[in-house]
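Asks: Structure file query35.cif (mmCIF, C-alpha atoms) right here:
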data_work
loop_
_atom_site.label_atom_id
_atom_site.label_comp_id
_atom_site.auth_asym_id
_atom_site.auth_seq_id
_atom_site.Cartn_x
_atom_site.Cartn_y
_atom_site.Cartn_z
CA MET A 95 59.56 163.01 91.89
CA ASN A 96 61.32 163.80 95.17
CA THR A 97 61.34 161.09 97.79
CA MET A 98 61.05 161.53 101.53
CA ASN A 99 64.83 161.06 101.76
CA GLU A 100 65.85 164.10 99.72
CA THR A 101 65.40 167.84 99.72
CA VAL A 102 65.02 169.71 96.46
CA GLY A 103 68.21 170.08 94.41
CA HIS A 104 68.62 172.22 91.32
CA ALA A 105 71.09 174.27 89.28
CA GLY A 106 73.40 171.30 88.82
CA VAL A 107 73.52 170.49 92.55
CA PRO A 108 72.56 167.02 93.80
CA ALA A 109 69.74 166.92 96.31
CA THR A 110 70.80 166.76 99.94
CA PRO A 111 69.51 163.64 101.71
CA ILE A 112 67.24 164.32 104.65
CA THR A 113 69.48 161.99 106.64
CA VAL A 114 72.17 164.71 106.56
CA TYR A 115 69.94 167.08 108.55
CA ALA A 116 68.86 164.27 110.88
CA GLU A 117 72.49 163.42 111.62
CA ARG A 118 73.24 167.08 112.40
CA ARG A 119 70.35 167.12 114.85
CA ALA A 120 71.68 163.91 116.40
CA ARG A 121 75.15 165.47 116.77
CA ILE A 122 73.89 168.53 118.60
CA THR A 123 71.67 166.34 120.76
CA ARG A 124 74.74 164.37 121.82
CA ALA A 125 76.68 167.58 122.46
CA MET A 126 73.90 168.91 124.71
CA GLY A 127 73.78 165.77 126.80
CA ALA A 128 70.54 166.82 128.46
CA GLY A 129 68.21 169.77 128.14
CA VAL A 130 66.09 171.51 125.52
CA ALA A 131 67.26 173.57 122.55
CA ILE A 132 65.12 175.97 120.59
CA LEU A 133 66.00 177.55 117.24
CA PRO A 134 63.52 179.87 115.54
CA THR A 135 63.87 180.68 111.88
CA ALA A 136 64.09 184.28 110.67
CA PRO A 137 60.94 186.42 110.57
CA GLU A 138 59.55 187.90 107.39
CA ARG A 139 60.53 191.55 106.98
CA ILE A 140 58.39 194.35 105.56
CA ARG A 141 60.21 196.42 102.96
CA ASN A 142 57.59 199.14 102.79
CA ARG A 143 53.90 199.24 103.55
CA ASP A 144 52.59 195.74 102.64
CA SER A 145 55.54 194.69 100.48
CA HIS A 146 58.00 192.21 101.98
CA TYR A 147 61.66 191.61 101.33
CA PRO A 148 62.30 188.25 99.64
CA TYR A 149 62.25 185.74 102.46
CA ARG A 150 65.49 184.19 103.68
CA HIS A 151 65.45 181.64 106.53
CA ASP A 152 67.83 181.68 109.51
CA SER A 153 71.07 179.83 108.74
CA TYR A 154 71.31 177.96 112.06
CA PHE A 155 67.73 176.78 111.77
CA TYR A 156 68.19 175.72 108.15
CA TYR A 157 71.44 173.88 108.93
CA LEU A 158 69.49 171.52 111.20
CA THR A 159 66.23 171.25 109.24
CA GLY A 160 66.46 172.00 105.51
CA PHE A 161 63.08 173.70 106.05
CA ARG A 162 62.59 177.01 104.20
CA GLU A 163 59.19 178.29 105.36
CA PRO A 164 58.81 181.28 107.72
CA GLU A 165 57.06 181.07 111.09
CA ALA A 166 58.83 177.90 112.11
CA VAL A 167 60.74 176.77 115.20
CA LEU A 168 62.90 173.70 115.83
CA VAL A 169 62.94 172.20 119.33
CA ILE A 170 65.43 169.49 120.26
CA VAL A 171 65.00 167.52 123.45
CA ALA A 172 68.17 165.78 124.66
CA GLY A 173 68.43 163.18 127.39
CA ASP A 174 66.89 159.77 127.95
CA SER A 175 64.22 160.23 125.25
CA PRO A 176 65.80 162.47 122.59
CA ARG A 177 63.59 163.85 119.85
CA SER A 178 63.31 166.67 117.36
CA ILE A 179 60.11 168.68 117.08
CA LEU A 180 59.12 171.19 114.41
CA PHE A 181 56.53 173.89 114.98
CA CYS A 182 55.29 175.43 111.74
CA ARG A 183 52.32 177.00 109.97
CA GLU A 184 49.27 174.87 109.39
CA ARG A 185 47.92 174.24 105.89
CA ASN A 186 45.65 177.10 104.80
CA LEU A 187 44.25 176.79 101.30
CA GLU A 188 43.12 180.41 101.16
CA ARG A 189 46.56 181.77 102.12
CA GLU A 190 48.27 179.28 99.81
CA VAL A 191 46.42 180.88 96.89
CA TRP A 192 48.20 184.14 97.75
CA ASP A 193 51.53 183.04 99.21
CA GLY A 194 52.21 179.53 97.94
CA TYR A 195 52.28 176.00 99.26
CA ARG A 196 52.69 175.17 102.95
CA HIS A 197 53.78 171.77 104.19
CA GLY A 198 51.80 171.93 107.42
CA PRO A 199 52.92 170.03 110.53
CA GLU A 200 52.11 166.53 109.33
CA GLY A 201 53.54 167.10 105.86
CA ALA A 202 56.71 168.63 107.33
CA ARG A 203 57.17 165.73 109.74
CA GLU A 204 56.95 163.18 106.95
CA ARG A 205 58.90 165.18 104.39
CA PHE A 206 61.78 166.37 106.62
CA GLY A 207 62.08 163.52 109.07
CA PHE A 208 61.17 165.12 112.42
CA ASP A 209 60.02 162.97 115.31
CA GLU A 210 57.09 165.30 115.93
CA ALA A 211 55.52 168.38 114.33
CA HIS A 212 52.89 170.75 115.70
CA PRO A 213 51.18 173.99 114.72
CA ILE A 214 53.23 177.09 115.52
CA ALA A 215 50.32 178.37 117.63
CA ALA A 216 50.98 175.54 120.11
CA LEU A 217 54.59 176.60 120.79
CA ASP A 218 54.15 178.58 124.02
CA GLU A 219 51.96 175.99 125.72
CA THR A 220 54.20 173.11 124.64
CA MET A 221 57.48 174.79 125.65
CA ALA A 222 56.31 175.36 129.20
CA ARG A 223 55.67 171.63 129.43
CA LEU A 224 58.88 170.54 127.67
CA LEU A 225 61.08 172.67 129.93
CA ALA A 226 59.73 171.17 133.14
CA ASP A 227 62.46 169.33 135.10
CA GLN A 228 65.06 169.96 132.40
CA PRO A 229 68.59 171.01 133.46
CA ALA A 230 69.30 173.50 130.67
CA LEU A 231 67.75 175.66 127.97
CA TYR A 232 69.77 176.24 124.81
CA TYR A 233 68.68 179.09 122.55
CA PRO A 234 70.25 181.96 120.57
CA ALA A 235 70.44 184.35 123.50
CA GLY A 236 70.52 188.02 122.60
CA ALA A 237 69.77 187.49 118.91
CA ASP A 238 66.25 188.91 119.22
CA THR A 239 64.73 190.74 122.18
CA GLU A 240 61.27 189.31 121.52
CA TRP A 241 62.59 185.75 121.67
CA ASP A 242 64.57 186.59 124.81
CA ALA A 243 61.37 187.79 126.47
CA ARG A 244 59.48 184.76 125.24
CA ALA A 245 62.07 182.38 126.68
CA MET A 246 61.84 184.16 130.03
CA ARG A 247 58.06 183.73 130.01
CA TRP A 248 58.47 179.98 129.47
CA LEU A 249 60.93 179.74 132.32
CA ASN A 250 58.68 181.76 134.62
CA ALA A 251 55.75 179.51 133.74
CA VAL A 252 57.80 176.51 134.85
CA ARG A 253 59.07 178.28 137.98
CA ALA A 254 55.46 178.98 138.95
CA GLN A 255 55.05 175.23 139.44
CA ALA A 256 57.83 175.02 142.04
CA ARG A 257 55.42 174.25 144.90
CA ALA A 258 54.21 171.27 142.90
CA GLY A 259 57.78 169.93 142.81
CA VAL A 260 58.55 171.03 139.27
CA HIS A 261 61.88 172.76 138.65
CA ALA A 262 62.95 174.99 135.78
CA PRO A 263 66.27 174.82 133.90
CA ASP A 264 69.00 176.46 135.96
CA ARG A 265 71.38 176.87 133.00
CA LEU A 266 70.92 179.05 129.94
CA ASN A 267 73.36 178.27 127.13
CA ASP A 268 73.79 179.82 123.72
CA VAL A 269 72.97 177.05 121.25
CA ARG A 270 75.05 178.80 118.58
CA SER A 271 78.26 178.00 120.42
CA LEU A 272 77.60 174.29 119.77
CA LEU A 273 76.55 174.81 116.17
CA ASP A 274 79.45 177.09 115.21
CA ASP A 275 81.98 174.28 115.49
CA MET A 276 79.74 171.97 113.48
CA ARG A 277 79.25 174.53 110.72
CA LEU A 278 82.97 175.29 110.39
CA VAL A 279 83.77 171.94 108.76
CA LYS A 280 81.72 171.34 105.63
CA ASP A 281 80.47 167.91 104.60
CA SER A 282 80.43 166.57 101.05
CA HIS A 283 76.90 167.83 100.38
CA GLU A 284 77.79 171.36 101.47
CA LEU A 285 80.96 171.35 99.39
CA ALA A 286 79.09 170.24 96.26
CA ILE A 287 76.79 173.23 96.62
CA MET A 288 79.63 175.64 97.39
CA ARG A 289 81.63 174.50 94.36
CA ARG A 290 78.62 175.11 92.13
CA ALA A 291 78.02 178.53 93.72
CA ALA A 292 81.68 179.33 93.08
CA ASP A 293 81.38 178.24 89.44
CA ILE A 294 78.28 180.36 88.86
CA SER A 295 79.94 183.36 90.48
CA ALA A 296 83.08 182.92 88.37
CA ILE A 297 80.96 182.79 85.21
CA ALA A 298 79.29 186.03 86.29
CA HIS A 299 82.65 187.75 86.84
CA ARG A 300 83.83 186.67 83.40
CA ARG A 301 80.66 188.07 81.87
CA ALA A 302 81.08 191.34 83.78
CA MET A 303 84.65 191.74 82.55
CA ARG A 304 83.58 191.28 78.96
CA ALA A 305 80.68 193.71 79.35
CA THR A 306 82.85 196.50 80.78
CA ARG A 307 83.44 199.50 78.49
CA PRO A 308 84.38 203.15 79.07
CA GLY A 309 81.24 205.24 79.46
CA ARG A 310 79.05 202.46 80.80
CA HIS A 311 77.78 202.81 84.35
CA GLU A 312 78.57 200.65 87.33
CA TYR A 313 74.93 199.58 87.56
CA GLU A 314 75.04 198.20 84.01
CA ILE A 315 77.82 195.84 85.06
CA GLU A 316 75.93 195.02 88.25
CA ALA A 317 72.99 193.97 86.05
CA GLU A 318 75.24 191.57 84.13
CA LEU A 319 76.24 189.88 87.39
CA LEU A 320 72.68 189.54 88.68
CA HIS A 321 71.49 188.22 85.33
CA GLU A 322 74.15 185.52 85.30
CA PHE A 323 73.47 184.51 88.91
CA ARG A 324 69.78 183.98 88.29
CA ARG A 325 70.25 182.44 84.84
CA HIS A 326 72.20 179.61 86.42
CA GLY A 327 69.70 178.98 89.21
CA ALA A 328 71.10 180.97 92.14
CA GLU A 329 68.33 182.40 94.29
CA PHE A 330 70.00 185.64 95.40
CA PRO A 331 73.28 187.47 95.49
CA ALA A 332 75.01 186.37 98.70
CA TYR A 333 75.40 190.09 99.51
CA TRP A 334 74.76 193.21 97.47
CA PRO A 335 77.44 193.45 94.77
CA ILE A 336 80.16 196.08 94.99
CA VAL A 337 80.82 197.49 91.51
CA ALA A 338 83.29 200.29 92.14
CA GLY A 339 85.07 202.20 89.41
CA GLY A 340 88.14 204.35 90.01
CA ALA A 341 88.38 205.93 93.46
CA ASN A 342 85.07 204.33 94.48
CA ALA A 343 87.09 201.14 94.97
CA CYS A 344 88.77 202.79 97.96
CA VAL A 345 85.40 202.68 99.78
CA LEU A 346 85.34 199.14 101.18
CA HIS A 347 81.56 198.74 101.30
CA TYR A 348 80.64 200.87 98.30
CA VAL A 349 77.25 199.76 96.94
CA ALA A 350 75.85 202.85 95.19
CA ASN A 351 77.00 201.35 91.87
CA SER A 352 75.89 204.46 90.01
CA ALA A 353 78.97 206.16 88.52
CA PRO A 354 80.11 206.13 84.89
CA LEU A 355 83.26 204.16 84.12
CA ALA A 356 86.27 206.20 83.01
CA GLU A 357 88.61 204.77 80.40
CA ASP A 358 91.71 205.17 82.57
CA ALA A 359 90.11 203.64 85.70
CA LEU A 360 90.14 200.22 87.30
CA LEU A 361 86.87 198.51 88.15
CA LEU A 362 86.64 196.52 91.39
CA ILE A 363 83.82 193.97 91.53
CA ASP A 364 83.07 192.12 94.77
CA ALA A 365 80.16 189.77 94.09
CA GLY A 366 79.04 186.23 94.71
CA CYS A 367 75.80 184.31 94.42
CA GLU A 368 73.80 182.40 97.02
CA LEU A 369 72.86 178.91 95.90
CA GLU A 370 70.81 176.51 98.02
CA SER A 371 71.51 178.95 100.91
CA TYR A 372 75.34 178.77 100.52
CA ALA A 373 77.43 181.80 99.62
CA ALA A 374 80.24 182.44 97.17
CA ASP A 375 82.43 185.54 97.49
CA ILE A 376 84.76 186.72 94.70
CA THR A 377 86.53 190.01 94.10
CA ARG A 378 88.30 190.95 90.89
CA SER A 379 89.90 194.26 89.88
CA PHE A 380 90.62 195.01 86.23
CA PRO A 381 91.12 197.93 83.83
CA VAL A 382 88.04 199.45 82.18
CA SER A 383 90.09 199.96 79.00
CA GLY A 384 91.19 196.34 78.92
CA ARG A 385 94.86 197.10 79.63
CA PHE A 386 96.57 197.98 82.90
CA SER A 387 98.51 201.22 83.02
CA PRO A 388 102.07 200.92 84.39
CA ALA A 389 101.01 202.27 87.82
CA GLN A 390 97.92 200.04 87.96
CA ARG A 391 100.05 197.06 86.98
CA ASP A 392 102.58 197.79 89.73
CA VAL A 393 99.92 197.93 92.44
CA TYR A 394 98.05 194.93 91.06
CA GLN A 395 101.17 192.77 91.04
CA VAL A 396 101.74 193.55 94.73
CA VAL A 397 98.21 192.51 95.67
CA LEU A 398 98.34 189.40 93.49
CA ALA A 399 101.66 188.33 95.02
CA ALA A 400 100.19 188.86 98.48
CA GLN A 401 97.23 186.67 97.61
CA HIS A 402 99.47 183.92 96.24
CA ALA A 403 101.48 184.02 99.47
CA ALA A 404 98.34 183.85 101.61
CA ILE A 405 96.90 180.94 99.62
CA GLY A 406 100.24 179.16 99.95
CA ALA A 407 99.98 179.54 103.73
CA THR A 408 96.44 178.13 103.85
CA ARG A 409 96.77 174.50 104.85
CA ALA A 410 95.69 172.05 107.52
CA GLY A 411 97.62 172.61 110.74
CA ALA A 412 98.30 176.29 110.07
CA ALA A 413 96.94 178.92 112.41
CA TRP A 414 94.16 181.19 111.15
CA ASN A 415 96.44 184.25 111.14
CA GLU A 416 99.23 182.70 109.03
CA PRO A 417 97.68 183.53 105.63
CA HIS A 418 97.04 187.09 106.82
CA ASP A 419 100.58 187.54 108.09
CA ALA A 420 102.00 186.17 104.83
CA ALA A 421 99.90 188.63 102.81
CA VAL A 422 100.77 191.61 105.00
CA LYS A 423 104.51 191.11 104.59
CA ILE A 424 104.19 191.16 100.80
CA LEU A 425 101.86 194.14 100.86
CA VAL A 426 104.15 196.15 103.13
CA ARG A 427 107.19 195.43 100.95
CA GLY A 428 105.13 196.60 98.00
CA MET A 429 104.02 199.76 99.78
CA LEU A 430 107.65 200.57 100.54
CA ASP A 431 108.66 199.99 96.92
CA LEU A 432 105.76 202.17 95.73
CA LYS A 433 106.87 204.99 98.06
CA LEU A 434 103.62 204.84 100.00
CA LEU A 435 105.31 204.26 103.35
CA PRO A 436 108.45 205.67 104.97
CA GLY A 437 110.93 203.65 107.02
CA SER A 438 111.70 199.94 107.02
CA LEU A 439 109.68 196.75 106.75
CA ASP A 440 110.07 195.99 110.46
CA GLU A 441 109.05 199.50 111.43
CA ALA A 442 105.94 199.44 109.23
CA LEU A 443 104.92 196.06 110.63
CA GLU A 444 105.54 197.06 114.24
CA LYS A 445 103.75 200.42 114.04
CA GLU A 446 101.11 199.09 111.62
CA THR A 447 101.46 202.15 109.40
CA TYR A 448 100.39 199.93 106.51
CA LYS A 449 96.80 200.02 107.82
CA ARG A 450 96.35 203.35 106.09
CA PHE A 451 96.27 201.44 102.79
CA TYR A 452 95.30 197.95 103.98
CA MET A 453 92.91 198.11 106.91
CA HIS A 454 91.07 194.77 106.92
CA ARG A 455 91.90 191.14 107.55
CA THR A 456 92.80 188.80 104.69
CA GLY A 457 89.81 186.50 104.97
CA HIS A 458 86.75 185.20 106.78
CA TRP A 459 84.86 181.93 107.14
CA LEU A 460 82.44 181.14 104.30
CA GLY A 461 79.36 178.95 104.16
CA LEU A 462 75.66 179.45 104.83
CA ASP A 463 76.55 183.06 105.64
CA VAL A 464 79.01 185.05 103.60
CA HIS A 465 80.74 185.88 106.90
CA ASP A 466 80.10 182.44 108.25
CA ALA A 467 79.76 181.15 111.79
CA GLY A 468 82.81 180.22 113.85
CA GLU A 469 85.37 181.74 116.18
CA TYR A 470 88.74 182.91 114.92
CA LYS A 471 90.45 182.66 118.32
CA ARG A 472 90.08 180.35 121.27
CA ALA A 473 91.53 181.10 124.69
CA GLY A 474 93.59 183.85 123.09
CA ALA A 475 95.14 181.59 120.42
CA TRP A 476 94.34 181.70 116.71
CA ARG A 477 92.29 178.77 115.52
CA THR A 478 94.03 175.93 113.67
CA LEU A 479 92.84 175.22 110.13
CA SER A 480 91.60 171.72 109.39
CA PRO A 481 90.33 169.90 106.26
CA GLY A 482 86.79 170.87 105.29
CA MET A 483 87.02 174.47 106.48
CA THR A 484 86.15 177.07 103.85
CA LEU A 485 87.37 180.65 103.89
CA THR A 486 88.14 183.61 101.68
CA VAL A 487 91.60 184.98 100.86
CA GLU A 488 91.29 188.66 99.94
CA PRO A 489 94.24 191.05 100.29
CA GLY A 490 93.96 194.54 98.85
CA LEU A 491 95.43 198.03 98.59
CA TYR A 492 93.28 201.16 98.79
CA ILE A 493 95.23 204.29 97.89
CA ARG A 494 93.15 207.37 98.57
CA ALA A 495 94.34 210.62 97.04
CA ALA A 496 96.57 212.64 99.39
CA ASP A 497 99.45 215.07 99.12
CA ASP A 498 102.00 212.45 100.17
CA VAL A 499 100.78 209.83 97.67
CA PRO A 500 102.48 209.65 94.25
CA ASP A 501 100.24 211.17 91.59
CA ALA A 502 100.05 208.01 89.47
CA LEU A 503 98.78 205.93 92.40
CA ARG A 504 96.03 208.22 93.64
CA GLY A 505 92.57 206.69 93.62
CA ILE A 506 93.71 203.14 92.86
CA GLY A 507 91.78 200.50 94.79
CA ILE A 508 92.51 196.81 94.22
CA ARG A 509 91.28 193.69 95.98
CA ILE A 510 91.63 190.10 94.77
CA GLU A 511 89.48 187.54 96.56
CA ASP A 512 89.00 183.81 96.16
CA ASP A 513 87.13 181.10 98.05
CA VAL A 514 89.41 178.42 99.43
CA LEU A 515 88.80 174.94 100.84
CA VAL A 516 91.33 173.55 103.30
CA THR A 517 92.34 170.01 102.28
CA ASP A 518 94.55 167.25 103.68
CA THR A 519 97.42 168.32 101.42
CA GLY A 520 97.01 172.12 101.34
CA CYS A 521 94.06 173.96 99.88
CA GLU A 522 91.80 174.13 96.83
CA VAL A 523 90.80 177.45 95.25
CA ILE A 524 87.22 176.76 94.23
CA THR A 525 86.76 180.13 92.49
CA ALA A 526 89.72 179.71 90.12
CA GLY A 527 87.38 180.09 87.13
CA ALA A 528 87.44 183.89 87.47
CA PRO A 529 90.55 185.31 85.68
CA LYS A 530 93.07 187.16 87.85
CA GLU A 531 96.56 186.86 86.33
CA ILE A 532 97.37 190.06 84.42
CA ALA A 533 97.89 188.40 81.03
CA GLU A 534 94.77 186.29 81.53
CA VAL A 535 92.61 189.31 82.42
CA GLU A 536 93.85 191.41 79.52
CA ALA A 537 93.42 188.55 77.04
CA TRP A 538 89.91 187.81 78.28
CA MET A 539 88.85 191.44 77.88
CA ARG A 540 90.64 191.85 74.56
CA ASP A 541 88.77 188.89 73.07
CA ALA A 542 85.47 190.58 74.00
CA ARG A 543 86.25 193.78 72.06
#
Represent the structure contained in this file as structure tokens.
Replies:
Amino acid sequence: MNTMNETVGHAGVPATPITVYAERRARITRAMGAGVAILPTAPERIRNRDSHYPYRHDSYFYYLTGFREPEAVLVIVAGDSPRSILFCRERNLEREVWDGYRHGPEGARERFGFDEAHPIAALDETMARLLADQPALYYPAGADTEWDARAMRWLNAVRAQARAGVHAPDRLNDVRSLLDDMRLVKDSHELAIMRRAADISAIAHRRAMRATRPGRHEYEIEAELLHEFRRHGAEFPAYWPIVAGGANACVLHYVANSAPLAEDALLLIDAGCELESYAADITRSFPVSGRFSPAQRDVYQVVLAAQHAAIGATRAGAAWNEPHDAAVKILVRGMLDLKLLPGSLDEALEKETYKRFYMHRTGHWLGLDVHDAGEYKRAGAWRTLSPGMTLTVEPGLYIRAADDVPDALRGIGIRIEDDVLVTDTGCEVITAGAPKEIAEVEAWMRDAR
């Protein structure tokens, strides 16, 4: 039985104590100093007619609450009498027959440790009262036009009391700017979940490699990934998988996943699961036949060397751009050796001619969102990496067919991506369970034949 001090844990992940969420709320309360913050969760979305998409809560809201139900809002009051208040759906036995259990305000307060909880229908009336004589309103400005309008109505309701001596907040701040810094550095509970998500995703990539055969379709391999995610307890894919054979791998966001797999092609798979709301993100590229051709091997070795260089540059104290710069230098040298670029290394770097074949950055933050919260620059300077930050390292080469491209290289698309945790002594690759060294990949696929 779960206690009041824990949320639900599953799939090999320990339950997260409710005190973790309470401490996060206390941290943002201290950062605010004084004022009122409001964070709504995500709305339910209709897929078509009366069928909804599977529900997924808002990440900022969940980070502070652990609460997964729709139609919920967190309000934090900072100042002399700080408190956290949840507004949520009331119990409704008839609707629960159709849609499942609801905690209701009182159940949510007890179960999730809020100071107060009220029915969601009371939000507008209560907010007008809570905002009276407060110096600032913190909310996700611009994220949703309906919430923007609603916040303005609350402020106008308070301003209407000016003749009675009541004043409205004179500062509007984006609450996400406070939360982004908090979310960048993961705590031990988050890292336990992310390591398990990485493990599940690596297992799925290994299964996909072994299932790959000439003549099968991309969607058949996609099905292997999704099966493995769910079999190990992950709720969703963290994003829709990219399963791109041959030249399809040169389309960065290819998701049709419908083409047959040719024997002489590479298959690029970019896929990761979402577990307990945290994302994994892995890309592997490997030969459909089980063995790299000489040209495929040449390109792959360039990308792999670039990734090794970038991972080597990922460490506490380094600037965010250092892994990217390390990868680019290796990639450009490789492009020159492969006769993809004219001129010298310095010229290619200065003129950025390499962007024809490598047009994206080498990584992004990872966490509750696959492209997680957090700035990459501050005051014009790249952010410094620190222990507890999690990011991807994902160099690639995408060689579209063209008259000036060597025949053997046309249509080759390769990306190699891992999830990396910055540590005190360097970094930890938490997705190392997915094969990527050439001999390792070929041996893994050969054993499946």
Asks: Any chance you could resolve the PyMOL selection byres ((chain A and resi 223-230) around 10) against this file and give the residues as a ChimeraX atom specification?
Replies: /A:126-131,169-173,218-222,231-233,248-249,251-253,255-256,259-267
Asks: Could you produce a table of the residues of region 474-527 of chain A lying within 6 Å of region 375-393 of chain A, with the nearest pair of atoms per residue and their separation in Å rounded to one decimal, using only C-alpha atoms, ordered by chain and increasing residue number, as CSV?
Replies:
residue,atom,partner,partner_atom,distance
A:Ile508,CA,A:Ser379,CA,5.7
A:Ile510,CA,A:Thr377,CA,5.1
A:Glu511,CA,A:Thr377,CA,4.6
A:Asp512,CA,A:Ile376,CA,5.3
Asks: Please identify all polymer residues within 7 Å of region 534-539 of chain A, counting only C-alpha atoms, omitting same-chain residues fewer than 2 positions from it, and present them as a ChimeraX atom specification.
Replies: /A:303-304,384-385,529-532,541-543
Asks: Quick one: everything within 12 Å of Ala237 (chain A), counting only C-alpha atoms, minus sequence neighbours fewer than 5 positions away in the same chain. Send it as a list in words.
Replies: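 Those residues are Leu133, Pro134, Thr135, Ala136, Asp152, Tyr154, Asp242, Ala243, Asp268, Val269 and Arg270 of chain A.
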Asks: Output C-alpha atoms of each residue in that selection to a file, as an mmCIF file, in the frame of the given file.
Replies:
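The result, written out as result32.cif:
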data_model
loop_
_atom_site.group_PDB
_atom_site.id
_atom_site.type_symbol
_atom_site.label_atom_id
_atom_site.label_comp_id
_atom_site.auth_asym_id
_atom_site.auth_seq_id
_atom_site.Cartn_x
_atom_site.Cartn_y
_atom_site.Cartn_z
ATOM 1 C CA LEU A 133 66.000 177.550 117.240
ATOM 2 C CA PRO A 134 63.520 179.870 115.540
ATOM 3 C CA THR A 135 63.870 180.680 111.880
ATOM 4 C CA ALA A 136 64.090 184.280 110.670
ATOM 5 C CA ASP A 152 67.830 181.680 109.510
ATOM 6 C CA TYR A 154 71.310 177.960 112.060
ATOM 7 C CA ASP A 242 64.570 186.590 124.810
ATOM 8 C CA ALA A 243 61.370 187.790 126.470
ATOM 9 C CA ASP A 268 73.790 179.820 123.720
ATOM 10 C CA VAL A 269 72.970 177.050 121.250
ATOM 11 C CA ARG A 270 75.050 178.800 118.580
#
Asks: When the PyMOL selection byres ((chain A and resi 340) around 9) is applied to the structure above, which residues does it catch, written out as a list in words?
Replies: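 For this structure, the PyMOL selection byres ((chain A and resi 340) around 9) resolves to Ala338, Gly339, Ala341, Asn342, Ala343, Cys344, Leu355, Ala356, Asp358, Ala359, Leu360, Leu361, Leu362, Gly505, Ile506 and Gly507 of chain A.
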Asks: Quick one: pull the distance between CA of Trp414 (chain A) and CA of Arg477 (chain A), Å, one decimal.
Replies: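 Between these atoms lies a distance of 5.3 Å.
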Asks: Could you write out as a ChimeraX atom specification the residues that the PyMOL selection byres ((chain A and resi 285) around 10) matches in the shown file?
Replies: /A:279-284,286-291,372,461,482-484,515,524
Asks: Could you dump the residues just selected with C-alpha atoms as a PDB file, in the frame of the given file?
Replies:
ATOM      1  CA  VAL A 279      83.770 171.940 108.760  1.00  0.00           C
ATOM      2  CA  LYS A 280      81.720 171.340 105.630  1.00  0.00           C
ATOM      3  CA  ASP A 281      80.470 167.910 104.600  1.00  0.00           C
ATOM      4  CA  SER A 282      80.430 166.570 101.050  1.00  0.00           C
ATOM      5  CA  HIS A 283      76.900 167.830 100.380  1.00  0.00           C
ATOM      6  CA  GLU A 284      77.790 171.360 101.470  1.00  0.00           C
ATOM      7  CA  ALA A 286      79.090 170.240  96.260  1.00  0.00           C
ATOM      8  CA  ILE A 287      76.790 173.230  96.620  1.00  0.00           C
ATOM      9  CA  MET A 288      79.630 175.640  97.390  1.00  0.00           C
ATOM     10  CA  ARG A 289      81.630 174.500  94.360  1.00  0.00           C
ATOM     11  CA  ARG A 290      78.620 175.110  92.130  1.00  0.00           C
ATOM     12  CA  ALA A 291      78.020 178.530  93.720  1.00  0.00           C
ATOM     13  CA  TYR A 372      75.340 178.770 100.520  1.00  0.00           C
ATOM     14  CA  GLY A 461      79.360 178.950 104.160  1.00  0.00           C
ATOM     15  CA  GLY A 482      86.790 170.870 105.290  1.00  0.00           C
ATOM     16  CA  MET A 483      87.020 174.470 106.480  1.00  0.00           C
ATOM     17  CA  THR A 484      86.150 177.070 103.850  1.00  0.00           C
ATOM     18  CA  LEU A 515      88.800 174.940 100.840  1.00  0.00           C
ATOM     19  CA  ILE A 524      87.220 176.760  94.230  1.00  0.00           C
TER      20      ILE A 524
END
Asks: Determine, counting only C-alpha atoms, which protein, DNA and RNA residues have an atom within 10 Å of an atom of region 478-480 of chain A; residues of the same chain fewer than 2 positions away are not included. Present the result as a PyMOL selection string.
Replies: chain A and resi 278-279+408-416+470-472+475-476+482-485+515-518+520
Asks: Go through A:Leu430, A:Thr519, A:Asp466, A:Ile297 and flag the residue nearest Val499 (chain A), using only C-alpha atoms for the distances.
Replies: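 Going through A:Leu430, A:Thr519, A:Asp466, A:Ile297 one by one, the smallest distance to Val499 (chain A) is for A:Leu430.
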Asks: Nearest to Leu320 (chain A) among A:Leu272, A:Ala254, A:Ala350, A:Ala298, with distances taken over only C-alpha atoms: which residue is it?
Replies: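 Between A:Leu272, A:Ala254, A:Ala350, A:Ala298, the residue approaching Leu320 (chain A) most closely is A:Ala298.
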Asks: Please provide the set of residues having any atom within 9 Å of region 418-422 of chain A, restricted to all atoms listed in the file, with same-chain residues fewer than 4 positions apart removed, written as a list in words.
Replies: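 After dropping sequence-adjacent residues, the list is Val397, Ala399, Ala400, Gln401, His402, Ala403, Ala404, Ile405, Gly406, Ala407, Trp414, Val426, Arg427, Leu443, Tyr448, Tyr452, Arg455, Thr456, Gly457, Val487 and Pro489 of chain A.
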Asks: Starting from the incomplete input, reconstruct N, CA and C atoms of region 182-186 of chain A and write that as a JSON list (two decimals), keeping the file's coordinate frame.
Replies:
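Once written, out_20.json looks like this:
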[["chain", "number", "residue", "atom", "x", "y", "z"],
["A", 182, "CYS", "N", 55.38, 174.69, 112.99],
["A", 182, "CYS", "CA", 55.29, 175.43, 111.74],
["A", 182, "CYS", "C", 53.84, 175.82, 111.44],
["A", 183, "ARG", "N", 53.65, 176.56, 110.38],
["A", 183, "ARG", "CA", 52.32, 177.00, 109.97],
["A", 183, "ARG", "C", 51.47, 175.80, 109.56],
["A", 184, "GLU", "N", 50.19, 175.89, 109.85],
["A", 184, "GLU", "CA", 49.27, 174.87, 109.39],
["A", 184, "GLU", "C", 48.93, 175.10, 107.92],
["A", 185, "ARG", "N", 48.44, 174.06, 107.25],
["A", 185, "ARG", "CA", 47.92, 174.24, 105.89],
["A", 185, "ARG", "C", 46.78, 175.25, 105.93],
["A", 186, "ASN", "N", 46.71, 176.08, 104.90],
["A", 186, "ASN", "CA", 45.65, 177.10, 104.80],
["A", 186, "ASN", "C", 45.44, 177.36, 103.32]]
